$ cat entry.txt   # compact mmCIF, N, CA and C atoms
# COMPACT_ATOMS: atom_id res chain seq x y z
N MET A 1 106.02 115.32 118.26
CA MET A 1 105.61 115.92 117.02
C MET A 1 105.07 117.30 117.32
N GLY A 2 105.56 118.28 116.61
CA GLY A 2 105.13 119.65 116.82
C GLY A 2 103.87 119.97 116.05
N LEU A 3 103.25 121.05 116.43
CA LEU A 3 102.01 121.46 115.78
C LEU A 3 102.23 121.82 114.31
N GLU A 4 103.45 122.22 113.96
CA GLU A 4 103.70 122.61 112.56
C GLU A 4 103.74 121.40 111.64
N GLN A 5 103.75 120.19 112.19
CA GLN A 5 103.79 118.98 111.37
C GLN A 5 102.41 118.38 111.14
N ILE A 6 101.38 119.01 111.67
CA ILE A 6 100.02 118.45 111.54
C ILE A 6 99.55 118.49 110.09
N PHE A 7 99.68 119.64 109.42
CA PHE A 7 99.17 119.74 108.06
C PHE A 7 99.88 118.79 107.10
N PRO A 8 101.23 118.71 107.10
CA PRO A 8 101.86 117.75 106.18
C PRO A 8 101.46 116.30 106.45
N LEU A 9 101.26 115.96 107.71
CA LEU A 9 100.85 114.60 108.04
C LEU A 9 99.46 114.30 107.50
N ILE A 10 98.51 115.20 107.71
CA ILE A 10 97.15 114.98 107.23
C ILE A 10 97.11 115.08 105.70
N ALA A 11 97.91 115.96 105.12
CA ALA A 11 97.94 116.08 103.66
C ALA A 11 98.50 114.81 103.01
N SER A 12 99.50 114.21 103.61
CA SER A 12 100.04 112.97 103.04
C SER A 12 99.03 111.83 103.18
N LEU A 13 98.30 111.80 104.28
CA LEU A 13 97.24 110.80 104.44
C LEU A 13 96.14 111.02 103.40
N ALA A 14 95.78 112.27 103.15
CA ALA A 14 94.76 112.57 102.14
C ALA A 14 95.24 112.15 100.75
N LEU A 15 96.51 112.34 100.47
CA LEU A 15 97.05 111.92 99.18
C LEU A 15 96.97 110.41 99.01
N LEU A 16 97.29 109.68 100.08
CA LEU A 16 97.19 108.22 100.02
C LEU A 16 95.75 107.77 99.81
N VAL A 17 94.81 108.41 100.48
CA VAL A 17 93.39 108.07 100.31
C VAL A 17 92.94 108.39 98.89
N TRP A 18 93.39 109.53 98.35
CA TRP A 18 92.99 109.95 97.01
C TRP A 18 93.55 109.02 95.94
N LEU A 19 94.77 108.50 96.16
CA LEU A 19 95.40 107.62 95.17
C LEU A 19 95.01 106.16 95.33
N SER A 20 94.34 105.80 96.40
CA SER A 20 94.01 104.40 96.64
C SER A 20 93.16 103.75 95.54
N PRO A 21 92.24 104.46 94.87
CA PRO A 21 91.49 103.80 93.79
C PRO A 21 92.37 103.37 92.61
N THR A 22 93.53 103.96 92.45
CA THR A 22 94.41 103.54 91.36
C THR A 22 95.15 102.25 91.71
N VAL A 23 95.23 101.93 93.00
CA VAL A 23 95.93 100.72 93.44
C VAL A 23 94.96 99.56 93.66
N PHE A 24 93.81 99.85 94.25
CA PHE A 24 92.84 98.82 94.57
C PHE A 24 91.61 98.96 93.68
N ARG A 25 91.01 97.84 93.37
CA ARG A 25 89.77 97.88 92.59
C ARG A 25 88.64 98.31 93.51
N MET A 26 87.90 99.31 93.07
CA MET A 26 86.80 99.83 93.87
C MET A 26 85.61 100.11 92.98
N SER A 27 84.45 100.06 93.58
CA SER A 27 83.24 100.40 92.85
C SER A 27 83.20 101.91 92.61
N PRO A 28 82.42 102.37 91.66
CA PRO A 28 82.34 103.82 91.42
C PRO A 28 81.89 104.60 92.66
N ARG A 29 81.00 104.02 93.44
CA ARG A 29 80.54 104.70 94.66
C ARG A 29 81.68 104.84 95.67
N THR A 30 82.48 103.80 95.81
CA THR A 30 83.60 103.86 96.74
C THR A 30 84.65 104.84 96.26
N ARG A 31 84.87 104.90 94.94
CA ARG A 31 85.81 105.89 94.40
C ARG A 31 85.37 107.31 94.72
N GLU A 32 84.06 107.54 94.61
CA GLU A 32 83.54 108.87 94.92
C GLU A 32 83.72 109.19 96.41
N LEU A 33 83.49 108.21 97.26
CA LEU A 33 83.65 108.42 98.70
C LEU A 33 85.11 108.68 99.07
N THR A 34 86.06 108.00 98.40
CA THR A 34 87.46 108.24 98.73
C THR A 34 87.89 109.64 98.33
N SER A 35 87.38 110.15 97.19
CA SER A 35 87.74 111.52 96.83
C SER A 35 87.13 112.53 97.79
N LYS A 36 85.91 112.27 98.26
CA LYS A 36 85.30 113.16 99.24
C LYS A 36 86.04 113.09 100.57
N ALA A 37 86.48 111.90 100.96
CA ALA A 37 87.23 111.75 102.20
C ALA A 37 88.57 112.48 102.12
N ALA A 38 89.22 112.39 100.95
CA ALA A 38 90.50 113.09 100.79
C ALA A 38 90.30 114.59 100.86
N LEU A 39 89.25 115.10 100.25
CA LEU A 39 88.96 116.53 100.32
C LEU A 39 88.65 116.95 101.76
N GLY A 40 87.91 116.12 102.47
CA GLY A 40 87.61 116.41 103.86
C GLY A 40 88.87 116.42 104.73
N LEU A 41 89.80 115.50 104.46
CA LEU A 41 91.05 115.48 105.21
C LEU A 41 91.88 116.73 104.94
N ILE A 42 91.90 117.20 103.71
CA ILE A 42 92.63 118.43 103.38
C ILE A 42 92.01 119.61 104.14
N GLY A 43 90.67 119.68 104.14
CA GLY A 43 90.00 120.75 104.88
C GLY A 43 90.30 120.68 106.37
N LEU A 44 90.29 119.47 106.93
CA LEU A 44 90.61 119.29 108.34
C LEU A 44 92.04 119.72 108.63
N GLY A 45 92.95 119.36 107.75
CA GLY A 45 94.35 119.76 107.94
C GLY A 45 94.53 121.27 107.91
N ILE A 46 93.84 121.94 107.01
CA ILE A 46 93.93 123.40 106.93
C ILE A 46 93.38 124.04 108.19
N VAL A 47 92.24 123.54 108.66
CA VAL A 47 91.64 124.10 109.88
C VAL A 47 92.56 123.88 111.08
N LEU A 48 93.11 122.68 111.21
CA LEU A 48 94.02 122.41 112.32
C LEU A 48 95.30 123.23 112.25
N ALA A 49 95.82 123.41 111.03
CA ALA A 49 97.04 124.22 110.88
C ALA A 49 96.77 125.67 111.24
N LEU A 50 95.62 126.19 110.82
CA LEU A 50 95.28 127.57 111.17
C LEU A 50 95.04 127.72 112.68
N ALA A 51 94.39 126.74 113.28
CA ALA A 51 94.17 126.78 114.73
C ALA A 51 95.50 126.75 115.47
N ALA A 52 96.41 125.89 115.03
CA ALA A 52 97.72 125.81 115.67
C ALA A 52 98.50 127.09 115.48
N PHE A 53 98.35 127.74 114.33
CA PHE A 53 99.04 129.00 114.08
C PHE A 53 98.54 130.10 115.00
N PHE A 54 97.22 130.20 115.17
CA PHE A 54 96.67 131.25 116.00
C PHE A 54 96.84 130.98 117.49
N MET A 55 96.93 129.72 117.87
CA MET A 55 97.09 129.39 119.28
C MET A 55 98.55 129.51 119.72
N GLY A 56 99.46 129.30 118.80
CA GLY A 56 100.87 129.30 119.21
C GLY A 56 101.61 130.33 118.52
$ encode --input "entry.txt" --output "C-alpha cells"
Amino acid sequence: MGLEQIFPLIASLALLVWLSPTVFRMSPRTRELTSKAALGLIGLGIVLALAAFFMG
C-alpha cells in the first residue's frame, strides 16, 4: 500500500464510524462520541496525507 492511499483508507473508516449510529442502536452519548471519533479520524488522515506529501 502506497502512502497516497492513506487518506482514502482513513476517510472511508471515518465514514463507517460516522454512519454507524444509523445502523446500530446507540445512546446519545455514544452517538456524540462516534461523531467526534469520525472527525478525529478525518483530521488524522489529513495530517498523515500532508506528512506523506512533504516527505515523499
$ closest_residue --input "entry.txt" --among "A:Thr22, A:Leu33, A:Pro28, A:Gln5" --to "Leu48 (chain A)" --atoms "only C-alpha atoms"
A:Gln5
$ atom_distance --input "entry.txt" --atom1 "atom C of Ile6 (chain A)" --atom2 "atom N of Pro21 (chain A)"
22.0 Å
$ residues_around --input "entry.txt" --residues "Ala52 (chain A)" --least-positions-apart "3" --cutoff "10 Å" --atoms "only C-alpha atoms" --output "count of residues only"
11
$ closest_residue --input "entry.txt" --among "A:Ile10, A:Arg29, A:Phe24, A:Leu16" --to "Gly45 (chain A)" --atoms "only C-alpha atoms"
A:Ile10
$ atom_distance --input "entry.txt" --atom1 "CA of Pro8 (chain A)" --atom2 "CA of Ala37 (chain A)"
16.3 Å
$ atom_distance --input "entry.txt" --atom1 "atom N of Glu32 (chain A)" --atom2 "atom C of Ala14 (chain A)"
13.6 Å
$ decode --input "entry.txt" --residues "region 8-34 of chain A" --atoms "N, CA, C and O atoms" --output "compact mmCIF listing (two decimals), in the first residue's frame"
# COMPACT_ATOMS: atom_id res chain seq x y z
N PRO A 8 -7.53 8.10 1.71
CA PRO A 8 -8.81 7.44 1.39
C PRO A 8 -9.16 6.29 2.34
O PRO A 8 -10.33 6.09 2.66
N LEU A 9 -8.15 5.58 2.82
CA LEU A 9 -8.41 4.49 3.75
C LEU A 9 -8.95 5.02 5.07
O LEU A 9 -9.96 4.53 5.59
N ILE A 10 -8.33 6.04 5.62
CA ILE A 10 -8.78 6.61 6.89
C ILE A 10 -10.12 7.33 6.70
O ILE A 10 -10.98 7.27 7.57
N ALA A 11 -10.31 7.97 5.56
CA ALA A 11 -11.58 8.65 5.31
C ALA A 11 -12.74 7.66 5.20
O ALA A 11 -13.83 7.92 5.71
N SER A 12 -12.51 6.52 4.58
CA SER A 12 -13.58 5.53 4.50
C SER A 12 -13.88 4.93 5.87
O SER A 12 -15.03 4.66 6.20
N LEU A 13 -12.85 4.75 6.69
CA LEU A 13 -13.08 4.28 8.06
C LEU A 13 -13.87 5.32 8.86
O LEU A 13 -14.78 4.98 9.61
N ALA A 14 -13.55 6.59 8.68
CA ALA A 14 -14.27 7.66 9.37
C ALA A 14 -15.73 7.69 8.92
O ALA A 14 -16.63 7.91 9.74
N LEU A 15 -15.98 7.46 7.65
CA LEU A 15 -17.35 7.43 7.15
C LEU A 15 -18.14 6.29 7.78
O LEU A 15 -19.30 6.46 8.17
N LEU A 16 -17.50 5.13 7.90
CA LEU A 16 -18.17 4.00 8.54
C LEU A 16 -18.47 4.28 10.01
O LEU A 16 -19.55 3.94 10.51
N VAL A 17 -17.54 4.91 10.71
CA VAL A 17 -17.76 5.25 12.12
C VAL A 17 -18.89 6.28 12.24
O VAL A 17 -19.74 6.19 13.11
N TRP A 18 -18.91 7.26 11.32
CA TRP A 18 -19.92 8.31 11.36
C TRP A 18 -21.32 7.76 11.07
O TRP A 18 -22.31 8.20 11.65
N LEU A 19 -21.40 6.77 10.17
CA LEU A 19 -22.70 6.20 9.82
C LEU A 19 -23.16 5.09 10.75
O LEU A 19 -24.31 4.66 10.67
N SER A 20 -22.31 4.62 11.63
CA SER A 20 -22.67 3.50 12.50
C SER A 20 -23.89 3.76 13.38
O SER A 20 -24.65 2.83 13.63
N PRO A 21 -24.14 4.99 13.88
CA PRO A 21 -25.37 5.18 14.68
C PRO A 21 -26.66 4.96 13.90
O PRO A 21 -27.70 4.70 14.49
N THR A 22 -26.62 5.05 12.58
CA THR A 22 -27.83 4.80 11.80
C THR A 22 -28.10 3.31 11.67
O THR A 22 -29.22 2.92 11.37
N VAL A 23 -27.08 2.49 11.87
CA VAL A 23 -27.23 1.03 11.74
C VAL A 23 -27.47 0.37 13.10
O VAL A 23 -28.29 -0.53 13.22
N PHE A 24 -26.75 0.83 14.12
CA PHE A 24 -26.84 0.24 15.45
C PHE A 24 -27.52 1.21 16.40
O PHE A 24 -27.35 2.42 16.29
N ARG A 25 -28.25 0.66 17.34
CA ARG A 25 -28.87 1.50 18.37
C ARG A 25 -27.79 1.92 19.36
O ARG A 25 -27.04 1.10 19.88
N MET A 26 -27.72 3.21 19.59
CA MET A 26 -26.72 3.75 20.50
C MET A 26 -27.34 4.82 21.37
O MET A 26 -28.30 5.48 20.98
N SER A 27 -26.75 4.99 22.53
CA SER A 27 -27.21 6.05 23.42
C SER A 27 -26.77 7.41 22.85
O SER A 27 -25.86 7.47 22.02
N PRO A 28 -27.40 8.49 23.27
CA PRO A 28 -26.99 9.81 22.77
C PRO A 28 -25.51 10.12 23.03
O PRO A 28 -24.85 10.73 22.21
N ARG A 29 -25.01 9.67 24.16
CA ARG A 29 -23.60 9.92 24.47
C ARG A 29 -22.68 9.16 23.50
O ARG A 29 -21.69 9.70 23.03
N THR A 30 -23.04 7.94 23.19
CA THR A 30 -22.24 7.15 22.25
C THR A 30 -22.32 7.74 20.85
O THR A 30 -21.32 7.76 20.12
N ARG A 31 -23.49 8.24 20.47
CA ARG A 31 -23.61 8.90 19.16
C ARG A 31 -22.69 10.11 19.06
O ARG A 31 -22.06 10.35 18.04
N GLU A 32 -22.63 10.87 20.16
CA GLU A 32 -21.75 12.04 20.17
C GLU A 32 -20.28 11.62 20.06
O GLU A 32 -19.50 12.25 19.34
N LEU A 33 -19.92 10.56 20.76
CA LEU A 33 -18.53 10.08 20.71
C LEU A 33 -18.17 9.55 19.32
O LEU A 33 -17.04 9.74 18.87
N THR A 34 -19.11 8.90 18.62
CA THR A 34 -18.79 8.40 17.29
C THR A 34 -18.58 9.55 16.31
O THR A 34 -17.71 9.47 15.45
